[in-house]
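Here is input_30.tsv, consisting of TSV, N, CA and C atoms:
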chain	number	residue	atom	x	y	z
A	1	MET	N	-14.83	-5.82	119.48
A	1	MET	CA	-15.00	-5.12	118.24
A	1	MET	C	-16.31	-5.56	117.60
A	2	PRO	N	-17.38	-4.94	118.00
A	2	PRO	CA	-18.66	-5.31	117.42
A	2	PRO	C	-18.66	-5.03	115.93
A	3	GLY	N	-19.30	-5.89	115.20
A	3	GLY	CA	-19.45	-5.69	113.76
A	3	GLY	C	-18.32	-6.24	112.93
A	4	THR	N	-17.27	-6.78	113.54
A	4	THR	CA	-16.20	-7.38	112.75
A	4	THR	C	-16.25	-8.89	112.94
A	5	SER	N	-15.84	-9.58	111.93
A	5	SER	CA	-15.90	-11.04	111.97
A	5	SER	C	-14.85	-11.59	112.92
A	6	PRO	N	-15.07	-12.81	113.48
A	6	PRO	CA	-14.09	-13.42	114.39
A	6	PRO	C	-12.71	-13.57	113.73
A	7	ALA	N	-12.65	-13.93	112.47
A	7	ALA	CA	-11.37	-14.11	111.78
A	7	ALA	C	-10.62	-12.78	111.69
A	8	ARG	N	-11.34	-11.72	111.39
A	8	ARG	CA	-10.72	-10.40	111.29
A	8	ARG	C	-10.20	-9.96	112.67
A	9	ARG	N	-10.97	-10.23	113.73
A	9	ARG	CA	-10.53	-9.87	115.08
A	9	ARG	C	-9.25	-10.62	115.45
A	10	THR	N	-9.15	-11.87	115.06
A	10	THR	CA	-7.96	-12.67	115.35
A	10	THR	C	-6.74	-12.07	114.65
A	11	VAL	N	-6.90	-11.69	113.40
A	11	VAL	CA	-5.80	-11.08	112.64
A	11	VAL	C	-5.39	-9.76	113.27
A	12	LEU	N	-6.36	-8.94	113.65
A	12	LEU	CA	-6.05	-7.65	114.26
A	12	LEU	C	-5.35	-7.83	115.61
A	13	ARG	N	-5.82	-8.79	116.40
A	13	ARG	CA	-5.18	-9.06	117.69
A	13	ARG	C	-3.73	-9.51	117.49
A	14	ALA	N	-3.52	-10.39	116.54
A	14	ALA	CA	-2.16	-10.90	116.27
A	14	ALA	C	-1.25	-9.76	115.82
A	15	ALA	N	-1.77	-8.88	114.99
A	15	ALA	CA	-0.97	-7.74	114.52
A	15	ALA	C	-0.61	-6.82	115.68
A	16	ALA	N	-1.53	-6.66	116.62
A	16	ALA	CA	-1.27	-5.80	117.77
A	16	ALA	C	-0.23	-6.41	118.71
A	17	LEU	N	-0.19	-7.72	118.82
A	17	LEU	CA	0.74	-8.39	119.73
A	17	LEU	C	2.13	-8.61	119.13
A	18	ALA	N	2.26	-8.56	117.83
A	18	ALA	CA	3.54	-8.86	117.18
A	18	ALA	C	4.70	-8.03	117.70
A	19	PRO	N	4.55	-6.70	117.90
A	19	PRO	CA	5.69	-5.94	118.43
A	19	PRO	C	6.11	-6.41	119.83
A	20	ALA	N	5.17	-6.76	120.67
A	20	ALA	CA	5.50	-7.22	122.02
A	20	ALA	C	6.26	-8.54	121.97
A	21	VAL	N	5.87	-9.43	121.09
A	21	VAL	CA	6.57	-10.71	120.94
A	21	VAL	C	7.98	-10.45	120.46
A	22	GLY	N	8.15	-9.53	119.54
A	22	GLY	CA	9.48	-9.18	119.04
A	22	GLY	C	10.37	-8.66	120.14
A	23	LEU	N	9.84	-7.84	121.04
A	23	LEU	CA	10.62	-7.34	122.17
A	23	LEU	C	11.05	-8.47	123.07
A	24	GLY	N	10.17	-9.41	123.30
A	24	GLY	CA	10.51	-10.56	124.14
A	24	GLY	C	11.64	-11.37	123.54
A	25	LEU	N	11.61	-11.58	122.25
A	25	LEU	CA	12.66	-12.34	121.59
A	25	LEU	C	13.97	-11.58	121.62
A	26	THR	N	13.91	-10.27	121.46
A	26	THR	CA	15.12	-9.46	121.51
A	26	THR	C	15.77	-9.54	122.88
A	27	ALA	N	14.96	-9.54	123.94
A	27	ALA	CA	15.50	-9.60	125.30
A	27	ALA	C	16.25	-10.88	125.55
A	28	CYS	N	15.91	-11.95	124.86
A	28	CYS	CA	16.58	-13.23	125.07
A	28	CYS	C	17.59	-13.56	123.98
A	29	SER	N	17.87	-12.60	123.10
A	29	SER	CA	18.86	-12.85	122.06
A	29	SER	C	20.25	-12.66	122.63
A	30	SER	N	21.26	-12.91	121.83
A	30	SER	CA	22.64	-12.83	122.30
A	30	SER	C	23.04	-11.41	122.64
A	31	GLY	N	22.37	-10.43	122.11
A	31	GLY	CA	22.70	-9.05	122.43
A	31	GLY	C	23.93	-8.58	121.68
A	32	GLY	N	25.07	-9.12	121.97
A	32	GLY	CA	26.30	-8.67	121.34
A	32	GLY	C	26.47	-9.25	119.95
A	33	SER	N	27.45	-8.70	119.26
A	33	SER	CA	27.68	-9.16	117.90
A	33	SER	C	28.83	-10.15	117.84
A	34	GLY	N	29.41	-10.47	119.00
A	34	GLY	CA	30.58	-11.32	119.01
A	34	GLY	C	30.28	-12.80	118.95
A	35	SER	N	31.37	-13.56	118.88
A	35	SER	CA	31.30	-15.01	118.88
A	35	SER	C	30.83	-15.50	120.25
A	36	ARG	N	30.25	-16.68	120.29
A	36	ARG	CA	29.77	-17.26	121.55
A	36	ARG	C	30.70	-18.34	122.06
A	37	SER	N	32.00	-18.18	121.83
A	37	SER	CA	32.93	-19.17	122.34
A	37	SER	C	34.23	-18.52	122.80
A	38	ALA	N	34.85	-19.17	123.76
A	38	ALA	CA	36.15	-18.75	124.26
A	38	ALA	C	37.21	-19.22	123.27
A	39	PRO	N	38.44	-18.73	123.41
A	39	PRO	CA	39.50	-19.17	122.50
A	39	PRO	C	39.71	-20.69	122.56
A	40	THR	N	40.01	-21.27	121.44
A	40	THR	CA	40.29	-22.71	121.36
A	40	THR	C	41.78	-22.96	121.16
A	41	GLU	N	42.55	-21.89	121.09
A	41	GLU	CA	44.00	-21.96	120.97
A	41	GLU	C	44.57	-20.69	121.61
A	42	PRO	N	45.86	-20.65	121.86
A	42	PRO	CA	46.44	-19.46	122.50
A	42	PRO	C	46.21	-18.20	121.65
A	43	VAL	N	45.86	-17.09	122.34
A	43	VAL	CA	45.70	-15.81	121.65
A	43	VAL	C	46.58	-14.77	122.35
A	44	ASP	N	47.21	-13.94	121.53
A	44	ASP	CA	48.05	-12.85	122.03
A	44	ASP	C	47.12	-11.69	122.35
A	45	LEU	N	47.11	-11.27	123.61
A	45	LEU	CA	46.22	-10.20	124.05
A	45	LEU	C	46.90	-8.84	124.15
A	46	GLY	N	48.19	-8.79	123.90
A	46	GLY	CA	48.88	-7.50	123.94
A	46	GLY	C	49.77	-7.38	125.17
A	47	ALA	N	50.22	-6.16	125.40
A	47	ALA	CA	51.20	-5.88	126.45
A	47	ALA	C	50.68	-6.22	127.84
A	48	ALA	N	51.52	-6.93	128.59
A	48	ALA	CA	51.16	-7.35	129.94
A	48	ALA	C	50.96	-6.16	130.87
A	49	ASP	N	51.69	-5.07	130.64
A	49	ASP	CA	51.57	-3.91	131.53
A	49	ASP	C	50.30	-3.10	131.29
A	50	GLU	N	49.47	-3.50	130.32
A	50	GLU	CA	48.17	-2.84	130.12
A	50	GLU	C	47.16	-3.24	131.19
A	51	VAL	N	47.47	-4.31	131.93
A	51	VAL	CA	46.61	-4.73	133.04
A	51	VAL	C	47.35	-4.37	134.32
A	52	PRO	N	46.86	-3.37	135.06
A	52	PRO	CA	47.56	-2.96	136.28
A	52	PRO	C	47.40	-4.00	137.39
A	53	VAL	N	48.35	-4.04	138.31
A	53	VAL	CA	48.24	-4.93	139.47
A	53	VAL	C	46.95	-4.59	140.21
A	54	GLY	N	46.14	-5.61	140.48
A	54	GLY	CA	44.84	-5.41	141.13
A	54	GLY	C	43.72	-5.04	140.17
A	55	GLY	N	44.04	-4.93	138.89
A	55	GLY	CA	43.05	-4.55	137.90
A	55	GLY	C	42.67	-5.68	136.96
A	56	SER	N	41.69	-5.40	136.12
A	56	SER	CA	41.21	-6.38	135.13
A	56	SER	C	41.02	-5.68	133.80
A	57	LYS	N	41.12	-6.45	132.73
A	57	LYS	CA	40.89	-5.92	131.39
A	57	LYS	C	40.08	-6.93	130.60
A	58	LEU	N	39.07	-6.43	129.90
A	58	LEU	CA	38.20	-7.26	129.07
A	58	LEU	C	38.63	-7.15	127.62
A	59	TYR	N	38.84	-8.29	126.99
A	59	TYR	CA	39.22	-8.37	125.58
A	59	TYR	C	38.01	-8.92	124.83
A	60	THR	N	37.13	-8.03	124.39
A	60	THR	CA	35.85	-8.46	123.80
A	60	THR	C	36.03	-9.23	122.50
A	61	ASP	N	37.02	-8.87	121.69
A	61	ASP	CA	37.20	-9.58	120.42
A	61	ASP	C	37.61	-11.04	120.62
A	62	GLU	N	38.28	-11.32	121.74
A	62	GLU	CA	38.75	-12.69	122.01
A	62	GLU	C	37.88	-13.42	123.04
A	63	ASN	N	36.90	-12.72	123.63
A	63	ASN	CA	36.03	-13.29	124.68
A	63	ASN	C	36.84	-13.78	125.88
A	64	VAL	N	37.74	-12.90	126.33
A	64	VAL	CA	38.61	-13.21	127.46
A	64	VAL	C	38.64	-12.00	128.40
A	65	VAL	N	38.69	-12.27	129.70
A	65	VAL	CA	38.97	-11.24	130.69
A	65	VAL	C	40.22	-11.68	131.46
A	66	VAL	N	41.12	-10.73	131.67
A	66	VAL	CA	42.36	-11.02	132.39
A	66	VAL	C	42.43	-10.11	133.61
A	67	SER	N	42.78	-10.69	134.74
A	67	SER	CA	43.01	-9.94	135.97
A	67	SER	C	44.45	-10.16	136.40
A	68	ARG	N	45.05	-9.08	136.89
A	68	ARG	CA	46.43	-9.17	137.38
A	68	ARG	C	46.36	-9.18	138.90
A	69	ILE	N	46.55	-10.34	139.46
A	69	ILE	CA	46.41	-10.56	140.90
A	69	ILE	C	47.61	-9.98	141.66
A	70	ALA	N	48.79	-10.20	141.14
A	70	ALA	CA	50.03	-9.68	141.73
A	70	ALA	C	50.94	-9.28	140.57
A	71	ASP	N	52.12	-8.76	140.90
A	71	ASP	CA	53.02	-8.27	139.85
A	71	ASP	C	53.24	-9.30	138.75
A	72	ASP	N	53.42	-10.57	139.13
A	72	ASP	CA	53.69	-11.61	138.13
A	72	ASP	C	52.64	-12.72	138.14
A	73	GLU	N	51.44	-12.41	138.61
A	73	GLU	CA	50.36	-13.43	138.63
A	73	GLU	C	49.12	-12.90	137.91
A	74	TYR	N	48.73	-13.63	136.87
A	74	TYR	CA	47.56	-13.27	136.06
A	74	TYR	C	46.55	-14.41	136.12
A	75	LYS	N	45.28	-14.06	136.01
A	75	LYS	CA	44.19	-15.04	135.89
A	75	LYS	C	43.41	-14.65	134.64
A	76	ALA	N	42.99	-15.65	133.88
A	76	ALA	CA	42.20	-15.40	132.68
A	76	ALA	C	40.96	-16.29	132.70
A	77	PHE	N	39.87	-15.73	132.22
A	77	PHE	CA	38.60	-16.45	132.16
A	77	PHE	C	37.92	-16.16	130.83
A	78	SER	N	37.15	-17.12	130.39
A	78	SER	CA	36.27	-16.89	129.24
A	78	SER	C	35.27	-15.81	129.65
A	79	SER	N	34.96	-14.91	128.74
A	79	SER	CA	33.94	-13.90	129.03
A	79	SER	C	32.63	-14.24	128.32
A	80	ILE	N	32.39	-15.54	128.18
A	80	ILE	CA	31.11	-16.03	127.67
A	80	ILE	C	30.27	-16.40	128.87
A	81	CYS	N	29.11	-15.76	129.01
A	81	CYS	CA	28.24	-15.99	130.15
A	81	CYS	C	27.82	-17.46	130.19
A	82	THR	N	27.88	-18.04	131.37
A	82	THR	CA	27.53	-19.45	131.54
A	82	THR	C	26.02	-19.68	131.60
A	83	HIS	N	25.24	-18.62	131.59
A	83	HIS	CA	23.78	-18.77	131.63
A	83	HIS	C	23.21	-19.04	130.24
A	84	ALA	N	23.48	-18.15	129.29
A	84	ALA	CA	22.89	-18.30	127.95
A	84	ALA	C	23.92	-18.14	126.84
A	85	ARG	N	25.22	-18.23	127.20
A	85	ARG	CA	26.31	-18.19	126.22
A	85	ARG	C	26.44	-16.86	125.48
A	86	CYS	N	26.01	-15.78	126.10
A	86	CYS	CA	26.18	-14.45	125.50
A	86	CYS	C	27.60	-13.95	125.77
A	87	PRO	N	28.22	-13.29	124.79
A	87	PRO	CA	29.52	-12.68	125.06
A	87	PRO	C	29.35	-11.46	125.97
A	88	ILE	N	30.10	-11.42	127.06
A	88	ILE	CA	30.00	-10.32	128.01
A	88	ILE	C	30.83	-9.15	127.48
A	89	GLU	N	30.23	-7.97	127.49
A	89	GLU	CA	30.88	-6.80	126.91
A	89	GLU	C	31.00	-5.64	127.89
A	90	LYS	N	30.75	-5.90	129.20
A	90	LYS	CA	30.81	-4.81	130.18
A	90	LYS	C	31.63	-5.22	131.39
A	91	LEU	N	32.65	-4.41	131.69
A	91	LEU	CA	33.50	-4.62	132.86
A	91	LEU	C	33.61	-3.30	133.59
A	92	GLN	N	33.25	-3.31	134.87
A	92	GLN	CA	33.41	-2.14	135.74
A	92	GLN	C	34.22	-2.60	136.95
A	93	GLY	N	35.43	-2.09	137.07
A	93	GLY	CA	36.32	-2.56	138.14
A	93	GLY	C	36.65	-4.02	137.87
A	94	SER	N	36.20	-4.89	138.75
A	94	SER	CA	36.40	-6.34	138.54
A	94	SER	C	35.07	-7.05	138.35
A	95	ARG	N	34.00	-6.30	138.11
A	95	ARG	CA	32.66	-6.87	137.95
A	95	ARG	C	32.28	-6.92	136.46
A	96	LEU	N	32.07	-8.14	135.97
A	96	LEU	CA	31.59	-8.35	134.61
A	96	LEU	C	30.07	-8.45	134.65
A	97	THR	N	29.39	-7.78	133.73
A	97	THR	CA	27.94	-7.84	133.66
A	97	THR	C	27.51	-8.26	132.27
A	98	CYS	N	26.72	-9.32	132.19
A	98	CYS	CA	26.19	-9.81	130.92
A	98	CYS	C	24.96	-8.99	130.56
A	99	GLN	N	24.97	-8.41	129.39
A	99	GLN	CA	23.87	-7.56	128.94
A	99	GLN	C	22.62	-8.34	128.57
A	100	CYS	N	22.72	-9.63	128.39
A	100	CYS	CA	21.53	-10.41	127.99
A	100	CYS	C	20.51	-10.56	129.11
A	101	HIS	N	20.96	-10.99	130.29
A	101	HIS	CA	20.02	-11.27	131.38
A	101	HIS	C	20.49	-10.74	132.72
A	102	GLY	N	21.62	-10.03	132.75
A	102	GLY	CA	22.07	-9.39	133.99
A	102	GLY	C	22.95	-10.21	134.90
A	103	SER	N	23.39	-11.38	134.47
A	103	SER	CA	24.32	-12.15	135.31
A	103	SER	C	25.57	-11.33	135.53
A	104	GLN	N	26.17	-11.50	136.71
A	104	GLN	CA	27.40	-10.79	137.03
A	104	GLN	C	28.43	-11.76	137.57
A	105	PHE	N	29.70	-11.49	137.25
A	105	PHE	CA	30.80	-12.35	137.63
A	105	PHE	C	31.96	-11.52	138.15
A	106	ASP	N	32.78	-12.12	139.01
A	106	ASP	CA	34.00	-11.49	139.49
A	106	ASP	C	35.12	-11.85	138.51
A	107	ALA	N	35.74	-10.85	137.90
A	107	ALA	CA	36.78	-11.07	136.90
A	107	ALA	C	38.05	-11.63	137.51
A	108	ARG	N	38.22	-11.56	138.83
A	108	ARG	CA	39.43	-12.05	139.47
A	108	ARG	C	39.41	-13.54	139.74
A	109	ASN	N	38.19	-14.11	139.85
A	109	ASN	CA	38.11	-15.55	140.17
A	109	ASN	C	37.02	-16.28	139.38
A	110	GLY	N	36.26	-15.56	138.57
A	110	GLY	CA	35.23	-16.18	137.73
A	110	GLY	C	33.94	-16.50	138.44
A	111	LYS	N	33.85	-16.24	139.74
A	111	LYS	CA	32.65	-16.62	140.50
A	111	LYS	C	31.45	-15.76	140.15
A	112	VAL	N	30.28	-16.40	140.26
A	112	VAL	CA	29.01	-15.71	140.01
A	112	VAL	C	28.74	-14.75	141.16
A	113	LEU	N	28.42	-13.50	140.82
A	113	LEU	CA	28.05	-12.50	141.82
A	113	LEU	C	26.55	-12.24	141.82
A	114	HIS	N	25.90	-12.48	140.67
A	114	HIS	CA	24.46	-12.22	140.53
A	114	HIS	C	23.89	-13.18	139.50
A	115	GLU	N	22.81	-13.84	139.86
A	115	GLU	CA	22.13	-14.77	138.94
A	115	GLU	C	21.39	-13.99	137.87
A	116	PRO	N	20.99	-14.64	136.76
A	116	PRO	CA	20.57	-16.02	136.66
A	116	PRO	C	21.68	-17.05	136.45
A	117	ALA	N	22.89	-16.65	136.10
A	117	ALA	CA	23.96	-17.64	135.97
A	117	ALA	C	24.25	-18.26	137.34
A	118	VAL	N	24.55	-19.55	137.35
A	118	VAL	CA	24.90	-20.24	138.59
A	118	VAL	C	26.27	-20.92	138.49
A	119	THR	N	26.81	-21.02	137.30
A	119	THR	CA	28.09	-21.66	137.06
A	119	THR	C	29.16	-20.60	136.84
A	120	PRO	N	30.32	-20.73	137.51
A	120	PRO	CA	31.40	-19.75	137.32
A	120	PRO	C	31.90	-19.73	135.88
A	121	LEU	N	32.61	-18.67	135.52
A	121	LEU	CA	33.23	-18.57	134.21
A	121	LEU	C	34.33	-19.62	134.07
A	122	GLU	N	34.56	-20.05	132.85
A	122	GLU	CA	35.61	-21.03	132.57
A	122	GLU	C	36.99	-20.37	132.69
A	123	GLU	N	37.84	-20.96	133.55
A	123	GLU	CA	39.21	-20.43	133.67
A	123	GLU	C	40.03	-20.89	132.48
A	124	LEU	N	40.88	-20.00	132.00
A	124	LEU	CA	41.74	-20.30	130.85
A	124	LEU	C	43.20	-20.24	131.26
A	125	PRO	N	44.04	-21.09	130.67
A	125	PRO	CA	45.47	-20.97	130.91
A	125	PRO	C	45.94	-19.59	130.44
A	126	VAL	N	46.87	-18.99	131.18
A	126	VAL	CA	47.40	-17.68	130.80
A	126	VAL	C	48.87	-17.61	131.19
A	127	LYS	N	49.66	-16.92	130.37
A	127	LYS	CA	51.08	-16.72	130.67
A	127	LYS	C	51.50	-15.38	130.06
A	128	VAL	N	52.64	-14.91	130.52
A	128	VAL	CA	53.25	-13.72	129.94
A	128	VAL	C	54.52	-14.20	129.24
A	129	ALA	N	54.61	-13.90	127.96
A	129	ALA	CA	55.78	-14.29	127.17
A	129	ALA	C	56.23	-13.08	126.35
A	130	GLY	N	57.47	-12.70	126.51
A	130	GLY	CA	57.99	-11.56	125.77
A	130	GLY	C	57.25	-10.27	126.08
A	131	GLY	N	56.77	-10.15	127.33
A	131	GLY	CA	56.05	-8.94	127.73
A	131	GLY	C	54.60	-8.89	127.27
A	132	LYS	N	54.12	-9.99	126.66
A	132	LYS	CA	52.74	-10.03	126.17
A	132	LYS	C	51.94	-11.10	126.89
A	133	ILE	N	50.66	-10.82	127.06
A	133	ILE	CA	49.74	-11.80	127.68
A	133	ILE	C	49.27	-12.75	126.60
A	134	VAL	N	49.37	-14.03	126.88
A	134	VAL	CA	48.87	-15.08	126.00
A	134	VAL	C	47.90	-15.92	126.81
A	135	ALA	N	46.67	-16.10	126.30
A	135	ALA	CA	45.67	-16.87	127.03
A	135	ALA	C	44.98	-17.86	126.09
A	136	GLY	N	44.47	-18.91	126.69
A	136	GLY	CA	43.74	-19.93	125.93
A	136	GLY	C	44.43	-21.28	126.05
A	137	PRO	N	43.77	-22.33	125.59
A	137	PRO	CA	44.36	-23.67	125.65
A	137	PRO	C	45.74	-23.70	125.02
A	138	GLY	N	46.68	-24.29	125.70
A	138	GLY	CA	48.04	-24.38	125.19
A	138	GLY	C	48.91	-23.20	125.57
A	139	ALA	N	48.35	-22.22	126.27
A	139	ALA	CA	49.15	-21.04	126.65
A	139	ALA	C	50.14	-21.41	127.75
Same coordinates, now as structure tokens:
Amino acid sequence: MPGTSPARRTVLRAAALAPAVGLGLTACSSGGSGSRSAPTEPVDLGAADEVPVGGSKLYTDENVVVSRIADDEYKAFSSICTHARCPIEKLQGSRLTCQCHGSQFDARNGKVLHEPAVTPLEELPVKVAGGKIVAGPGA
């Protein structure tokens, strides 16, 4: 920019880069509006028959995913991504996908299917009581 002072050029350059920096920060933010923690006590997730045998259900408000392995066998995992602690809000079949950085997990066993996460999801105690799924510590 001929004819402009070095200080003015610095300010103009910074103003031009500010939107790009904002996009970068947004890409690494939590993305979702939920809490970044799994249940710390038992939570009632609703009717056990809402999870079909061989299927999985994501409970975004509680940060839990439940899979029904067999008629009377359930597995529950925290749906907080182990990479950057983002709450996972997408489940397709048994594949959980974190919207923050693209990590993927198997909802049936918590294993990492796609990095950047390298640590499996935290398994949570789960039981069926009175026809309802209860998950979390003490369940």
State, in Å with one decimal place, the distance from atom N of Pro39 in chain A to atom N of Ile133 in chain A. 15.0 Å
Which polymer residues have any atom within 6.5 Å of an atom of Gln104 in chain A, counting all atoms listed in the file, with same-chain residues fewer than 4 positions away left out, as a JSON list (two decimals) with N, CA and C atoms, keeping the file's coordinate frame?
[["chain", "number", "residue", "atom", "x", "y", "z"],
["A", 95, "ARG", "N", 34.00, -6.30, 138.11],
["A", 95, "ARG", "CA", 32.66, -6.87, 137.95],
["A", 95, "ARG", "C", 32.28, -6.92, 136.46],
["A", 96, "LEU", "N", 32.07, -8.14, 135.97],
["A", 96, "LEU", "CA", 31.59, -8.35, 134.61],
["A", 96, "LEU", "C", 30.07, -8.45, 134.65],
["A", 97, "THR", "N", 29.39, -7.78, 133.73],
["A", 97, "THR", "CA", 27.94, -7.84, 133.66],
["A", 97, "THR", "C", 27.51, -8.26, 132.27],
["A", 98, "CYS", "N", 26.72, -9.32, 132.19],
["A", 98, "CYS", "CA", 26.19, -9.81, 130.92],
["A", 98, "CYS", "C", 24.96, -8.99, 130.56],
["A", 111, "LYS", "N", 33.85, -16.24, 139.74],
["A", 111, "LYS", "CA", 32.65, -16.62, 140.50],
["A", 111, "LYS", "C", 31.45, -15.76, 140.15],
["A", 112, "VAL", "N", 30.28, -16.40, 140.26],
["A", 112, "VAL", "CA", 29.01, -15.71, 140.01],
["A", 112, "VAL", "C", 28.74, -14.75, 141.16],
["A", 113, "LEU", "N", 28.42, -13.50, 140.82],
["A", 113, "LEU", "CA", 28.05, -12.50, 141.82],
["A", 113, "LEU", "C", 26.55, -12.24, 141.82],
["A", 114, "HIS", "N", 25.90, -12.48, 140.67],
["A", 114, "HIS", "CA", 24.46, -12.22, 140.53],
["A", 114, "HIS", "C", 23.89, -13.18, 139.50],
["A", 115, "GLU", "N", 22.81, -13.84, 139.86],
["A", 115, "GLU", "CA", 22.13, -14.77, 138.94],
["A", 115, "GLU", "C", 21.39, -13.99, 137.87],
["A", 116, "PRO", "N", 20.99, -14.64, 136.76],
["A", 116, "PRO", "CA", 20.57, -16.02, 136.66],
["A", 116, "PRO", "C", 21.68, -17.05, 136.45],
["A", 117, "ALA", "N", 22.89, -16.65, 136.10],
["A", 117, "ALA", "CA", 23.96, -17.64, 135.97],
["A", 117, "ALA", "C", 24.25, -18.26, 137.34]]
Within 8 Å of (33.3, -16.2, 127.2), in the coordinates the file gives, what residues turn up when you count all atoms listed in the file, written out as an NGL selection string? :A and (35-39 or 62-65 or 77-82 or 85-88 or 121-122)
Okay, now the selection with N, CA and C atoms, as a tab-separated table (two decimals), keeping the file's coordinate frame?
chain	number	residue	atom	x	y	z
A	35	SER	N	31.37	-13.56	118.88
A	35	SER	CA	31.30	-15.01	118.88
A	35	SER	C	30.83	-15.50	120.25
A	36	ARG	N	30.25	-16.68	120.29
A	36	ARG	CA	29.77	-17.26	121.55
A	36	ARG	C	30.70	-18.34	122.06
A	37	SER	N	32.00	-18.18	121.83
A	37	SER	CA	32.93	-19.17	122.34
A	37	SER	C	34.23	-18.52	122.80
A	38	ALA	N	34.85	-19.17	123.76
A	38	ALA	CA	36.15	-18.75	124.26
A	38	ALA	C	37.21	-19.22	123.27
A	39	PRO	N	38.44	-18.73	123.41
A	39	PRO	CA	39.50	-19.17	122.50
A	39	PRO	C	39.71	-20.69	122.56
A	62	GLU	N	38.28	-11.32	121.74
A	62	GLU	CA	38.75	-12.69	122.01
A	62	GLU	C	37.88	-13.42	123.04
A	63	ASN	N	36.90	-12.72	123.63
A	63	ASN	CA	36.03	-13.29	124.68
A	63	ASN	C	36.84	-13.78	125.88
A	64	VAL	N	37.74	-12.90	126.33
A	64	VAL	CA	38.61	-13.21	127.46
A	64	VAL	C	38.64	-12.00	128.40
A	65	VAL	N	38.69	-12.27	129.70
A	65	VAL	CA	38.97	-11.24	130.69
A	65	VAL	C	40.22	-11.68	131.46
A	77	PHE	N	39.87	-15.73	132.22
A	77	PHE	CA	38.60	-16.45	132.16
A	77	PHE	C	37.92	-16.16	130.83
A	78	SER	N	37.15	-17.12	130.39
A	78	SER	CA	36.27	-16.89	129.24
A	78	SER	C	35.27	-15.81	129.65
A	79	SER	N	34.96	-14.91	128.74
A	79	SER	CA	33.94	-13.90	129.03
A	79	SER	C	32.63	-14.24	128.32
A	80	ILE	N	32.39	-15.54	128.18
A	80	ILE	CA	31.11	-16.03	127.67
A	80	ILE	C	30.27	-16.40	128.87
A	81	CYS	N	29.11	-15.76	129.01
A	81	CYS	CA	28.24	-15.99	130.15
A	81	CYS	C	27.82	-17.46	130.19
A	82	THR	N	27.88	-18.04	131.37
A	82	THR	CA	27.53	-19.45	131.54
A	82	THR	C	26.02	-19.68	131.60
A	85	ARG	N	25.22	-18.23	127.20
A	85	ARG	CA	26.31	-18.19	126.22
A	85	ARG	C	26.44	-16.86	125.48
A	86	CYS	N	26.01	-15.78	126.10
A	86	CYS	CA	26.18	-14.45	125.50
A	86	CYS	C	27.60	-13.95	125.77
A	87	PRO	N	28.22	-13.29	124.79
A	87	PRO	CA	29.52	-12.68	125.06
A	87	PRO	C	29.35	-11.46	125.97
A	88	ILE	N	30.10	-11.42	127.06
A	88	ILE	CA	30.00	-10.32	128.01
A	88	ILE	C	30.83	-9.15	127.48
A	121	LEU	N	32.61	-18.67	135.52
A	121	LEU	CA	33.23	-18.57	134.21
A	121	LEU	C	34.33	-19.62	134.07
A	122	GLU	N	34.56	-20.05	132.85
A	122	GLU	CA	35.61	-21.03	132.57
A	122	GLU	C	36.99	-20.37	132.69
Nearest to Tyr74 in chain A, chosen from A:Thr40, A:Ser103, A:Ser56, A:Ser94, with only C-alpha atoms counted in the distances: A:Ser56
Can you list, as a PyMOL selection string, every protein, DNA or RNA residue that comes within 8 Å of Lys75 in chain A when you count all atoms listed in the file, leaving out same-chain residues fewer than 2 positions away? chain A and resi 65-70+72-73+77-78+107-109+123-127
So how many Å separate atom C of Leu91 in chain A and CA of Ala139 in chain A, to one decimal?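 Between these atoms lies a distance of 24.6 Å.
CA of Thr119 in chain A sits 25.4 Å away from CA of Val51 in chain A.
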Pick the closest to Ala76 in chain A from A:Val53, A:Leu45, A:Ala135, A:Val128: which is it, counting all atoms listed in the file?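 Smallest separation from Ala76 in chain A among the options: A:Ala135.
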Counting all atoms listed in the file, figure out which residue out of A:Gly46, A:Val118, A:Asp106, A:Val134 gets nearest to His83 in chain A. A:Val118
Which centre and edge lengths in Å to one decimal define the box along x, y and z that fits every listed atom of range 67-75 of chain A plus 3 Å per side, as JSON?
{"center_x": 48.2, "center_y": -11.7, "center_z": 138.2, "size_x": 16.9, "size_y": 12.8, "size_z": 13.1}
According to DSSP computed on the backbone, where in range 45-109 of chain A is there strand (DSSP E or B)? Give the residues as JSON, numbers by chain. {"A": [45, 46, 47, 56, 57, 58, 59, 64, 65, 66, 67, 68, 69, 70, 73, 74, 75, 76, 77, 78, 80, 87, 90, 91, 92, 95, 96, 97, 104, 105, 106]}
